[in-house]
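One structure below.
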Amino acid sequence: MNLAPLLNAAPVVQVHAFAAMAAFALGVVQVAAPKGTLPHRTIGWIWVVLLLAISVSSFFIHGIRMWGEWSPIHILSVFTPLMLLLGVLAARRHRVRARKNRDHGDPVGALVLAGIFTLVPGRIMHAVVFGP
């Protein structure tokens, strides 16, 4: 692993990538940690903010252009904040099953699926993970 390609990338790409890595790590912690505790809620809010940062920053990244400046990944950038809002509302209403379904779907869809696309040859994260 070599972070040089990421550290040499535009600042918005760095924010996007580091927020995604932090959100993925926090998501793993959240799934394994006890639910309903103050640390769980605090980490949950940090996770929500990170996913929002990922979504917003993606609108300034145009590495793949299929429809003008946009790509299918940008659909996730619209979809994710909506799902986060529904997840937060479900948590505040103590609708555990609805929140669990939404909050487990977001990291899989937004982080894992989108993360796989970042590993395509020619992309920055491919160079970070596999070398130039």
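Chain labels follow the order of the structure tokens: the first chain is A, the next B, and so on; residue numbering restarts at 1 in every chain, and ligands are counted from 1 in their shown order.
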Residues within 12 Å of Val28 in chain A, only C-alpha atoms, excluding chain neighbours under 2 positions, as a tab-separated table (two decimals) with C-alpha atoms, in the first residue's frame:
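Result saved to out18.tsv:
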chain	number	residue	atom	x	y	z
A	21	MET	CA	-12.10	4.98	5.09
A	22	ALA	CA	-13.11	6.42	8.48
A	23	ALA	CA	-16.80	5.72	7.83
A	24	PHE	CA	-16.04	2.15	6.85
A	25	ALA	CA	-13.99	1.59	10.02
A	26	LEU	CA	-16.64	3.20	12.23
A	30	GLN	CA	-20.89	0.08	15.17
A	31	VAL	CA	-22.04	-3.33	14.00
A	32	ALA	CA	-19.91	-5.06	16.65
A	33	ALA	CA	-20.51	-2.63	19.55
A	40	HIS	CA	-23.00	3.97	19.99
A	43	ILE	CA	-20.17	7.17	16.84
A	44	GLY	CA	-23.43	6.95	14.87
A	47	TRP	CA	-20.69	8.16	10.91
A	103	ASP	CA	-28.14	1.74	8.31
A	104	HIS	CA	-26.84	-1.64	7.22
A	107	PRO	CA	-22.51	1.10	4.26
A	108	VAL	CA	-22.88	-1.88	1.97
A	111	LEU	CA	-19.06	2.26	0.95
A	112	VAL	CA	-18.46	-1.28	-0.24
Neighbour list for Pro81 in chain A as an mmCIF file with N, CA, C and O atoms, in the first residue's frame, cut-off 8 Å, only C-alpha atoms, skip fewer than 4 positions in-chain:
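See around_8.cif below for the written result:
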data_model
loop_
_atom_site.group_PDB
_atom_site.id
_atom_site.type_symbol
_atom_site.label_atom_id
_atom_site.label_comp_id
_atom_site.auth_asym_id
_atom_site.auth_seq_id
_atom_site.Cartn_x
_atom_site.Cartn_y
_atom_site.Cartn_z
ATOM 1 N N LEU A 51 -20.602 10.193 6.195
ATOM 2 C CA LEU A 51 -21.295 9.819 4.956
ATOM 3 C C LEU A 51 -21.812 11.050 4.214
ATOM 4 O O LEU A 51 -21.793 11.080 2.974
ATOM 5 N N LEU A 52 -22.239 12.057 4.942
ATOM 6 C CA LEU A 52 -22.648 13.299 4.286
ATOM 7 C C LEU A 52 -21.448 13.968 3.618
ATOM 8 O O LEU A 52 -21.565 14.486 2.501
ATOM 9 N N SER A 55 -20.766 12.117 0.450
ATOM 10 C CA SER A 55 -21.757 12.433 -0.576
ATOM 11 C C SER A 55 -21.527 13.811 -1.180
ATOM 12 O O SER A 55 -21.521 13.973 -2.399
ATOM 13 N N SER A 77 -24.717 9.408 -4.398
ATOM 14 C CA SER A 77 -24.508 10.668 -3.690
ATOM 15 C C SER A 77 -25.821 11.386 -3.407
ATOM 16 O O SER A 77 -25.892 12.185 -2.471
ATOM 17 N N LEU A 85 -31.235 10.299 6.337
ATOM 18 C CA LEU A 85 -32.340 11.013 6.989
ATOM 19 C C LEU A 85 -33.386 10.024 7.499
ATOM 20 O O LEU A 85 -33.836 10.120 8.646
#
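Each of A:Leu113, A:Ala17, A:Leu82, A:Leu119 was compared to Leu50 in chain A using only C-alpha atoms, and A:Ala17 turns out to be the nearest.
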Find the distance between CA of Met83 in chain A and CA of Val48 in chain A and write it in Å to one decimal.
->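 Answer for the CA of Met83 in chain A to CA of Val48 in chain A separation: 10.3 Å.
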